[in-house]
Amino acid sequence: MAKVIKPRLAKGTRDFSPTEMALRRHIFGVIEKYFKRFGFDQIETPAVENLETLTGKYGEEGDRLIFKILNSGDYLDGVDSTLLQNRESNALIPQLCEKALRYDLTVPFARYVVQHRNDISFPFRRYQIQPVWRADRPQKGRYREFYQCDADVIGSNSLLLEAEFIQLITLVFRELNINYTIKLNSRKILFGFCEALGIESKFTAFTTILDKLDKKPWQALKTEFLEAGFSDDQTKAFESINDLNGLELSKTGFENLKAAIKLSNIGQQGLAELQEIMSYLSSQTLSNVRLDLTLARGLNYYTGAIIEVAAKDVDIGSICGGGRYDDLTGIFGLEEMSGIGISFGIDRIFDILSASPSADHGNKSTSVVFINFGNKELDYSLKALDKLRSAGIRAEIYPDPDKLKKQFKYADNKGASHVVTAGELEITKSMYTLKDLKTGEQELLNMEGLINTLGADAYI
């Protein structure tokens, strides 16, 4: 007898029921609608990328979270036996693994742009909705397999694009009815802050630790800064930018920021860019946008303005984020190609909405179920079923001539809006009895009446 395996999910992954998928489709639909409305075109890239394509793009911590794929066949063939014996895993990885699951959609997009640059009209607006994988520690709002909904514009330096993305984010979360805050900062400000302190060589270490502030209190970060080799005076200076959070994104707010901390020319440029972005948004009511100087977006490829969205009512981490990158394609041989993009965290958005009492977004999976009375009635019902489907109405027939109670219970469990019964009486009159499962009312209709009545309630 074969061994019985206990059914269980891999850590950091999950199944979705039909009801949950209805909510997910709603979220995808809202996001995709606005992607299209803002002129983005859809592409897809493979789940598997060459490991060298991904490595070195997300920082040291990000590299550790990439899911590596062992080479096919005898993956130990040709591996340096000394490295293997000494268990030097970092040195072994390039010999054991040539490929990996994609960590995000942005780096594969940069690879796509370079490979297809002769077929692309720049600036290129693309959106992409696909799963990504990270070998992270599973916890609330953090999964090892999750979807990203990305939109990018590449081939333009215009800061008008940053403003457009803020508009897009606003429209999406308004329609999803999520209470949110858009946090805005600039990597140039952070770099200029470090440069003014004479520690620009430690910029990556600084942003990597700073990026943990949404998970750890400032006191814990101070300890990490000291352990990373930053001095007491430098750590105190870092704390000053935390104290400055909450400044208005206005002329007065930017002047106060400029006076409060010392910035190099690059930092001053970052401030000026944020001012320009906000000038494009001046005609709109955007009370949910605020300056957050501790926002770092730890991914190394960001170079300018950075954006992150947090839910106000739920402690779940970032639900959308992105920013400007000036030379991401340069690593693939296409230099000076500036771009900006954002990514919606579909799984965290789903968790927020699924916990809401008003999260019913068309959870019914079918509009009408035909009752199965047997062979003679079945033929009559199948012809009607075909006509309803051709009219764009969701319809199905119970596959077995079981007891009526069982068939009605099935229709109710499926969330059907109506049930159709067609027995001898209906066949004789060329009619159908349609019962509304919500109200309990029923009426005798011909085919035209059936289509007209169901057509008002049907959905695909």
# chains A, B, ... in the order shown; residues from 1 in each chain; ligands from 1
>>> residues_around(residues="range 344-358 of chain A", least_positions_apart="2", cutoff="6 Å", atoms="only C-alpha atoms", output="ChimeraX atom specification")
/A:141,147-149,319-320,360
>>> closest_atom_pairs(of="range 209-273 of chain A", to="range 293-305 of chain A", cutoff="12 Å", atoms="only C-alpha atoms", output="JSON lines")
{"residue": "A:Ile209", "atom": "CA", "partner": "A:Gly298", "partner_atom": "CA", "distance": 8.3}
{"residue": "A:Leu210", "atom": "CA", "partner": "A:Ala296", "partner_atom": "CA", "distance": 6.4}
{"residue": "A:Asp211", "atom": "CA", "partner": "A:Ala296", "partner_atom": "CA", "distance": 5.2}
{"residue": "A:Lys212", "atom": "CA", "partner": "A:Gly298", "partner_atom": "CA", "distance": 8.7}
{"residue": "A:Leu213", "atom": "CA", "partner": "A:Thr294", "partner_atom": "CA", "distance": 7.5}
{"residue": "A:Asp214", "atom": "CA", "partner": "A:Leu295", "partner_atom": "CA", "distance": 9.0}
{"residue": "A:Trp218", "atom": "CA", "partner": "A:Thr294", "partner_atom": "CA", "distance": 10.3}
{"residue": "A:Leu221", "atom": "CA", "partner": "A:Thr294", "partner_atom": "CA", "distance": 11.5}
{"residue": "A:Phe238", "atom": "CA", "partner": "A:Thr294", "partner_atom": "CA", "distance": 9.1}
{"residue": "A:Glu239", "atom": "CA", "partner": "A:Thr294", "partner_atom": "CA", "distance": 9.4}
{"residue": "A:Ser240", "atom": "CA", "partner": "A:Leu293", "partner_atom": "CA", "distance": 9.7}
{"residue": "A:Ile241", "atom": "CA", "partner": "A:Leu293", "partner_atom": "CA", "distance": 6.0}
{"residue": "A:Asn242", "atom": "CA", "partner": "A:Thr294", "partner_atom": "CA", "distance": 6.0}
{"residue": "A:Asp243", "atom": "CA", "partner": "A:Leu293", "partner_atom": "CA", "distance": 9.1}
{"residue": "A:Leu244", "atom": "CA", "partner": "A:Leu293", "partner_atom": "CA", "distance": 7.4}
{"residue": "A:Asn245", "atom": "CA", "partner": "A:Leu293", "partner_atom": "CA", "distance": 6.1}
{"residue": "A:Gly246", "atom": "CA", "partner": "A:Leu293", "partner_atom": "CA", "distance": 8.9}
{"residue": "A:Leu247", "atom": "CA", "partner": "A:Leu293", "partner_atom": "CA", "distance": 9.4}
{"residue": "A:Glu248", "atom": "CA", "partner": "A:Leu293", "partner_atom": "CA", "distance": 11.8}
{"residue": "A:Leu249", "atom": "CA", "partner": "A:Leu293", "partner_atom": "CA", "distance": 11.6}
{"residue": "A:Phe254", "atom": "CA", "partner": "A:Leu293", "partner_atom": "CA", "distance": 11.7}
{"residue": "A:Leu257", "atom": "CA", "partner": "A:Leu293", "partner_atom": "CA", "distance": 9.8}
{"residue": "A:Ile261", "atom": "CA", "partner": "A:Leu293", "partner_atom": "CA", "distance": 11.1}
{"residue": "A:Ile266", "atom": "CA", "partner": "A:Gly304", "partner_atom": "CA", "distance": 10.1}
{"residue": "A:Gly267", "atom": "CA", "partner": "A:Gly304", "partner_atom": "CA", "distance": 10.1}
{"residue": "A:Gln268", "atom": "CA", "partner": "A:Gly304", "partner_atom": "CA", "distance": 11.9}
{"residue": "A:Gln269", "atom": "CA", "partner": "A:Gly304", "partner_atom": "CA", "distance": 9.6}
{"residue": "A:Gly270", "atom": "CA", "partner": "A:Gly304", "partner_atom": "CA", "distance": 6.9}
{"residue": "A:Leu271", "atom": "CA", "partner": "A:Ala305", "partner_atom": "CA", "distance": 9.4}
{"residue": "A:Ala272", "atom": "CA", "partner": "A:Ala305", "partner_atom": "CA", "distance": 10.7}
{"residue": "A:Glu273", "atom": "CA", "partner": "A:Ala305", "partner_atom": "CA", "distance": 7.7}
>>> write_last_selection(atoms="C-alpha atoms", output="PDB file, in the first residue's frame")
ATOM      1  CA  ILE A 209      18.629  49.448   8.389  1.00  0.00           C
ATOM      2  CA  LEU A 210      16.357  52.487   7.981  1.00  0.00           C
ATOM      3  CA  ASP A 211      13.992  50.430   5.809  1.00  0.00           C
ATOM      4  CA  LYS A 212      13.227  48.222   8.839  1.00  0.00           C
ATOM      5  CA  LEU A 213      11.478  51.030  10.721  1.00  0.00           C
ATOM      6  CA  ASP A 214       8.034  49.741   9.801  1.00  0.00           C
ATOM      7  CA  TRP A 218      13.555  53.390  16.468  1.00  0.00           C
ATOM      8  CA  LEU A 221      17.353  50.572  14.854  1.00  0.00           C
ATOM      9  CA  PHE A 238      19.821  59.845  11.921  1.00  0.00           C
ATOM     10  CA  GLU A 239      17.283  60.309  14.690  1.00  0.00           C
ATOM     11  CA  SER A 240      16.764  63.908  13.595  1.00  0.00           C
ATOM     12  CA  ILE A 241      15.194  62.828  10.312  1.00  0.00           C
ATOM     13  CA  ASN A 242      12.785  60.611  12.243  1.00  0.00           C
ATOM     14  CA  ASP A 243      11.800  63.629  14.357  1.00  0.00           C
ATOM     15  CA  LEU A 244      11.110  65.696  11.224  1.00  0.00           C
ATOM     16  CA  ASN A 245       8.431  63.375   9.899  1.00  0.00           C
ATOM     17  CA  GLY A 246       5.014  64.922   9.501  1.00  0.00           C
ATOM     18  CA  LEU A 247       6.187  68.100   7.778  1.00  0.00           C
ATOM     19  CA  GLU A 248       3.689  69.384   5.248  1.00  0.00           C
ATOM     20  CA  LEU A 249       4.419  68.835   1.570  1.00  0.00           C
ATOM     21  CA  PHE A 254      10.221  72.141   2.429  1.00  0.00           C
ATOM     22  CA  LEU A 257      13.193  70.742   6.215  1.00  0.00           C
ATOM     23  CA  ILE A 261      19.092  69.158   8.326  1.00  0.00           C
ATOM     24  CA  ILE A 266      22.317  65.892  -4.380  1.00  0.00           C
ATOM     25  CA  GLY A 267      20.084  66.159  -1.328  1.00  0.00           C
ATOM     26  CA  GLN A 268      19.011  69.678  -2.323  1.00  0.00           C
ATOM     27  CA  GLN A 269      18.192  68.357  -5.793  1.00  0.00           C
ATOM     28  CA  GLY A 270      15.995  65.671  -4.222  1.00  0.00           C
ATOM     29  CA  LEU A 271      14.106  68.343  -2.284  1.00  0.00           C
ATOM     30  CA  ALA A 272      13.576  70.405  -5.432  1.00  0.00           C
ATOM     31  CA  GLU A 273      12.266  67.344  -7.274  1.00  0.00           C
TER      32      GLU A 273
END
>>> closest_residue(among="A:Ala163, A:Leu263, A:Leu96, A:Ile371", to="Gln275 in chain A", atoms="only C-alpha atoms")
A:Ala163
>>> select_by_dssp(residues="range 39-159 of chain A", states="strand (DSSP E)", output="MDAnalysis selection string")
chainID A and resid 41:42 48:50 68:69 99:101 124:133 145:154
>>> write_last_selection(atoms="C-alpha atoms", output="mmCIF file, in the first residue's frame")
data_model
loop_
_atom_site.group_PDB
_atom_site.id
_atom_site.type_symbol
_atom_site.label_atom_id
_atom_site.label_comp_id
_atom_site.auth_asym_id
_atom_site.auth_seq_id
_atom_site.Cartn_x
_atom_site.Cartn_y
_atom_site.Cartn_z
ATOM 1 C CA ASP A 41 0.001 48.016 -21.970
ATOM 2 C CA GLN A 42 0.288 44.496 -20.518
ATOM 3 C CA VAL A 48 12.049 31.472 -14.002
ATOM 4 C CA GLU A 49 14.960 33.844 -14.700
ATOM 5 C CA ASN A 50 18.690 33.256 -14.913
ATOM 6 C CA LYS A 68 17.298 29.315 -6.234
ATOM 7 C CA ILE A 69 16.570 26.334 -8.487
ATOM 8 C CA LYS A 99 18.198 29.730 -12.492
ATOM 9 C CA ALA A 100 15.835 31.165 -9.876
ATOM 10 C CA LEU A 101 12.205 32.126 -9.345
ATOM 11 C CA PHE A 124 7.191 52.689 -22.723
ATOM 12 C CA ARG A 125 4.221 52.207 -20.377
ATOM 13 C CA ARG A 126 3.751 48.638 -19.230
ATOM 14 C CA TYR A 127 1.771 46.814 -16.596
ATOM 15 C CA GLN A 128 2.262 43.280 -15.344
ATOM 16 C CA ILE A 129 0.171 41.120 -12.980
ATOM 17 C CA GLN A 130 2.000 37.920 -12.024
ATOM 18 C CA PRO A 131 3.181 35.968 -8.956
ATOM 19 C CA VAL A 132 6.643 36.391 -7.413
ATOM 20 C CA TRP A 133 8.499 34.338 -4.805
ATOM 21 C CA GLU A 145 4.384 33.288 -2.947
ATOM 22 C CA PHE A 146 2.353 36.382 -3.732
ATOM 23 C CA TYR A 147 1.123 38.477 -6.625
ATOM 24 C CA GLN A 148 2.419 41.855 -7.675
ATOM 25 C CA CYS A 149 0.526 44.288 -9.872
ATOM 26 C CA ASP A 150 3.205 46.496 -11.434
ATOM 27 C CA ALA A 151 3.056 49.538 -13.671
ATOM 28 C CA ASP A 152 6.170 51.266 -15.029
ATOM 29 C CA VAL A 153 7.101 54.016 -17.444
ATOM 30 C CA ILE A 154 10.612 53.791 -18.809
#
>>> closest_residue(among="A:Ser81, A:Thr106, A:Ser282, A:Asn90", to="Thr45 in chain A", atoms="only C-alpha atoms")
A:Thr106
>>> closest_residue(among="A:Glu276, A:Cys97, A:Glu448, A:Lys312", to="Phe173 in chain A", atoms="only C-alpha atoms")
A:Lys312
>>> closest_residue(among="A:Ser367, A:Thr208, A:Gln219, A:Asn375", to="Gly62 in chain A", atoms="only C-alpha atoms")
A:Thr208
>>> closest_atom_pairs(of="range 110-196 of chain A", to="range 10-33 of chain A", cutoff="8 Å", atoms="only C-alpha atoms", output="JSON lines")
{"residue": "A:Arg137", "atom": "CA", "partner": "A:Gly12", "partner_atom": "CA", "distance": 7.7}
{"residue": "A:Pro138", "atom": "CA", "partner": "A:Gly12", "partner_atom": "CA", "distance": 5.1}
{"residue": "A:Gln139", "atom": "CA", "partner": "A:Gly12", "partner_atom": "CA", "distance": 7.9}
{"residue": "A:Arg142", "atom": "CA", "partner": "A:Gly12", "partner_atom": "CA", "distance": 7.6}
{"residue": "A:Tyr143", "atom": "CA", "partner": "A:Gly12", "partner_atom": "CA", "distance": 4.5}
{"residue": "A:Arg144", "atom": "CA", "partner": "A:Gly12", "partner_atom": "CA", "distance": 4.5}
{"residue": "A:Glu145", "atom": "CA", "partner": "A:Thr13", "partner_atom": "CA", "distance": 5.6}
{"residue": "A:Phe146", "atom": "CA", "partner": "A:Thr13", "partner_atom": "CA", "distance": 7.9}
{"residue": "A:Cys149", "atom": "CA", "partner": "A:Ile31", "partner_atom": "CA", "distance": 7.6}
{"residue": "A:Val172", "atom": "CA", "partner": "A:Ile31", "partner_atom": "CA", "distance": 6.1}
{"residue": "A:Glu175", "atom": "CA", "partner": "A:Val30", "partner_atom": "CA", "distance": 7.5}
{"residue": "A:Leu176", "atom": "CA", "partner": "A:Ile27", "partner_atom": "CA", "distance": 7.4}
>>> closest_residue(among="A:Lys36, A:His116, A:Lys183, A:Lys258", to="Val309 in chain A", atoms="only C-alpha atoms")
A:Lys183
>>> closest_residue(among="A:Val113, A:Ala395, A:Ala196, A:Val368", to="Ser338 in chain A", atoms="only C-alpha atoms")
A:Val113
>>> residues_around(residues="Tyr398 in chain A", least_positions_apart="2", cutoff="7 Å", atoms="only C-alpha atoms", output="short mmCIF file (atom, residue, chain, number, x, y, z; two decimals) with N, CA, C and O atoms, in the first residue's frame")
data_model
loop_
_atom_site.label_atom_id
_atom_site.label_comp_id
_atom_site.auth_asym_id
_atom_site.auth_seq_id
_atom_site.Cartn_x
_atom_site.Cartn_y
_atom_site.Cartn_z
N VAL A 369 -29.12 27.89 -11.83
CA VAL A 369 -28.92 26.44 -11.85
C VAL A 369 -30.21 25.78 -12.33
O VAL A 369 -31.29 26.08 -11.81
N PHE A 370 -30.10 24.90 -13.33
CA PHE A 370 -31.25 24.11 -13.81
C PHE A 370 -31.37 22.84 -12.97
O PHE A 370 -30.37 22.16 -12.72
N ILE A 371 -32.59 22.55 -12.56
CA ILE A 371 -32.86 21.31 -11.83
C ILE A 371 -32.94 20.15 -12.83
O ILE A 371 -33.50 20.28 -13.92
N ASN A 372 -32.32 19.03 -12.46
CA ASN A 372 -32.27 17.86 -13.32
C ASN A 372 -33.37 16.87 -12.90
O ASN A 372 -33.31 16.27 -11.83
N GLU A 396 -25.77 26.70 -15.29
CA GLU A 396 -25.31 25.32 -15.22
C GLU A 396 -26.49 24.42 -14.87
O GLU A 396 -27.54 24.91 -14.42
N ASP A 400 -26.84 15.26 -11.88
CA ASP A 400 -27.55 14.01 -11.57
C ASP A 400 -29.01 14.30 -11.18
O ASP A 400 -29.29 15.32 -10.55
N GLN A 407 -30.69 19.20 -4.73
CA GLN A 407 -30.33 20.08 -5.85
C GLN A 407 -30.52 21.56 -5.48
O GLN A 407 -29.69 22.40 -5.82
#
>>> select_by_dssp(residues="range 108-303 of chain A", states="alpha helix (DSSP H)", output="JSON, numbers by chain")
{"A": [108, 109, 110, 111, 112, 113, 114, 115, 160, 161, 162, 163, 164, 165, 166, 167, 168, 169, 170, 171, 172, 173, 174, 175, 176, 187, 188, 189, 190, 191, 192, 193, 194, 195, 196, 197, 203, 204, 205, 206, 207, 208, 209, 210, 218, 219, 220, 221, 222, 223, 224, 225, 226, 227, 232, 233, 234, 235, 236, 237, 238, 239, 240, 241, 242, 243, 251, 252, 253, 254, 255, 256, 257, 258, 259, 260, 265, 266, 267, 268, 269, 270, 271, 272, 273, 274, 275, 276, 277, 278, 279, 280]}
>>> write_last_selection(atoms="C-alpha atoms", output="short mmCIF file (atom, residue, chain, number, x, y, z; two decimals), in the first residue's frame")
data_model
loop_
_atom_site.label_atom_id
_atom_site.label_comp_id
_atom_site.auth_asym_id
_atom_site.auth_seq_id
_atom_site.Cartn_x
_atom_site.Cartn_y
_atom_site.Cartn_z
CA PRO A 108 12.68 41.08 -15.26
CA PHE A 109 10.98 44.12 -16.84
CA ALA A 110 14.36 45.85 -17.20
CA ARG A 111 15.73 42.71 -18.85
CA TYR A 112 12.69 42.63 -21.15
CA VAL A 113 13.19 46.28 -22.18
CA VAL A 114 16.82 45.71 -23.16
CA GLN A 115 16.06 42.53 -25.10
CA LEU A 160 5.14 64.54 -14.12
CA LEU A 161 5.15 60.72 -14.10
CA GLU A 162 5.63 60.62 -10.31
CA ALA A 163 2.54 62.81 -9.98
CA GLU A 164 0.58 60.55 -12.33
CA PHE A 165 1.42 57.48 -10.28
CA ILE A 166 0.23 59.23 -7.12
CA GLN A 167 -3.04 60.01 -8.94
CA LEU A 168 -3.37 56.38 -10.05
CA ILE A 169 -2.76 55.08 -6.51
CA THR A 170 -5.37 57.50 -5.15
CA LEU A 171 -8.03 56.34 -7.62
CA VAL A 172 -7.40 52.65 -6.95
CA PHE A 173 -7.62 52.84 -3.17
CA ARG A 174 -10.63 55.16 -3.27
CA GLU A 175 -12.53 52.61 -5.35
CA LEU A 176 -11.39 49.72 -3.15
CA ARG A 187 16.61 58.57 -2.16
CA LYS A 188 18.55 61.69 -3.22
CA ILE A 189 17.58 63.37 0.04
CA LEU A 190 18.78 60.34 2.01
CA PHE A 191 22.01 60.13 0.01
CA GLY A 192 22.58 63.88 0.37
CA PHE A 193 22.05 63.53 4.12
CA CYS A 194 24.73 60.81 4.28
CA GLU A 195 27.05 62.77 1.98
CA ALA A 196 26.77 65.84 4.19
CA LEU A 197 27.83 63.63 7.13
CA PHE A 203 24.65 54.63 2.18
CA THR A 204 23.48 51.09 1.42
CA ALA A 205 23.99 49.98 5.04
CA PHE A 206 22.16 53.11 6.21
CA THR A 207 19.09 52.58 3.98
CA THR A 208 18.97 48.82 4.66
CA ILE A 209 18.63 49.45 8.39
CA LEU A 210 16.36 52.49 7.98
CA TRP A 218 13.56 53.39 16.47
CA GLN A 219 15.42 52.29 19.61
CA ALA A 220 16.12 48.88 18.03
CA LEU A 221 17.35 50.57 14.85
CA LYS A 222 19.76 52.74 16.88
CA THR A 223 21.33 49.54 18.18
CA GLU A 224 21.65 48.18 14.64
CA PHE A 225 23.26 51.42 13.42
CA LEU A 226 25.87 51.24 16.19
CA GLU A 227 26.53 47.55 15.49
CA ASP A 232 27.04 57.89 18.30
CA ASP A 233 26.97 61.34 16.66
CA GLN A 234 25.92 59.87 13.31
CA THR A 235 23.19 57.81 14.95
CA LYS A 236 21.89 60.92 16.72
CA ALA A 237 21.85 62.70 13.37
CA PHE A 238 19.82 59.84 11.92
CA GLU A 239 17.28 60.31 14.69
CA SER A 240 16.76 63.91 13.59
CA ILE A 241 15.19 62.83 10.31
CA ASN A 242 12.78 60.61 12.24
CA ASP A 243 11.80 63.63 14.36
CA LYS A 251 6.64 75.44 0.34
CA THR A 252 6.85 76.16 4.07
CA GLY A 253 7.35 72.48 4.90
CA PHE A 254 10.22 72.14 2.43
CA GLU A 255 11.86 75.34 3.72
CA ASN A 256 11.65 74.04 7.29
CA LEU A 257 13.19 70.74 6.21
CA LYS A 258 16.00 72.50 4.36
CA ALA A 259 16.80 74.52 7.47
CA ALA A 260 16.59 71.58 9.86
CA ASN A 265 23.86 69.29 -3.55
CA ILE A 266 22.32 65.89 -4.38
CA GLY A 267 20.08 66.16 -1.33
CA GLN A 268 19.01 69.68 -2.32
CA GLN A 269 18.19 68.36 -5.79
CA GLY A 270 15.99 65.67 -4.22
CA LEU A 271 14.11 68.34 -2.28
CA ALA A 272 13.58 70.40 -5.43
CA GLU A 273 12.27 67.34 -7.27
CA LEU A 274 9.70 66.63 -4.55
CA GLN A 275 8.58 70.26 -4.75
CA GLU A 276 8.10 69.94 -8.51
CA ILE A 277 6.12 66.71 -8.09
CA MET A 278 3.81 68.37 -5.58
CA SER A 279 3.33 71.37 -7.88
CA TYR A 280 1.79 69.02 -10.47
#
>>> atom_distance(atom1="CA of Leu334 in chain A", atom2="CA of Leu51 in chain A")
19.4 Å
>>> closest_atom_pairs(of="range 308-402 of chain A", to="range 450-453 of chain A", cutoff="10 Å", atoms="only C-alpha atoms", output="Markdown table")
| residue | atom | partner | partner_atom | distance |
| --- | --- | --- | --- | --- |
| A:Ala384 | CA | A:Leu450 | CA | 9.3 |
| A:Lys387 | CA | A:Ile451 | CA | 8.4 |
| A:Leu388 | CA | A:Ile451 | CA | 6.3 |
| A:Arg389 | CA | A:Ile451 | CA | 9.6 |
| A:Ala391 | CA | A:Ile451 | CA | 7.3 |
| A:Gly392 | CA | A:Ile451 | CA | 9.3 |
| A:Ile393 | CA | A:Ile451 | CA | 7.9 |
>>> write_last_selection(atoms="C-alpha atoms", output="PDB file, in the first residue's frame")
ATOM      1  CA  ALA A 384     -32.402  26.175 -22.901  1.00  0.00           C
ATOM      2  CA  LYS A 387     -29.392  29.549 -25.377  1.00  0.00           C
ATOM      3  CA  LEU A 388     -28.793  31.212 -22.005  1.00  0.00           C
ATOM      4  CA  ARG A 389     -25.040  30.760 -22.274  1.00  0.00           C
ATOM      5  CA  ALA A 391     -26.873  35.185 -24.413  1.00  0.00           C
ATOM      6  CA  GLY A 392     -24.009  35.734 -21.969  1.00  0.00           C
ATOM      7  CA  ILE A 393     -25.772  34.407 -18.879  1.00  0.00           C
TER       8      ILE A 393
END
>>> atom_distance(atom1="CA of Arg117 in chain A", atom2="CA of Asp326 in chain A")
16.6 Å
>>> atom_distance(atom1="CA of Leu184 in chain A", atom2="CA of Gly198 in chain A")
24.7 Å
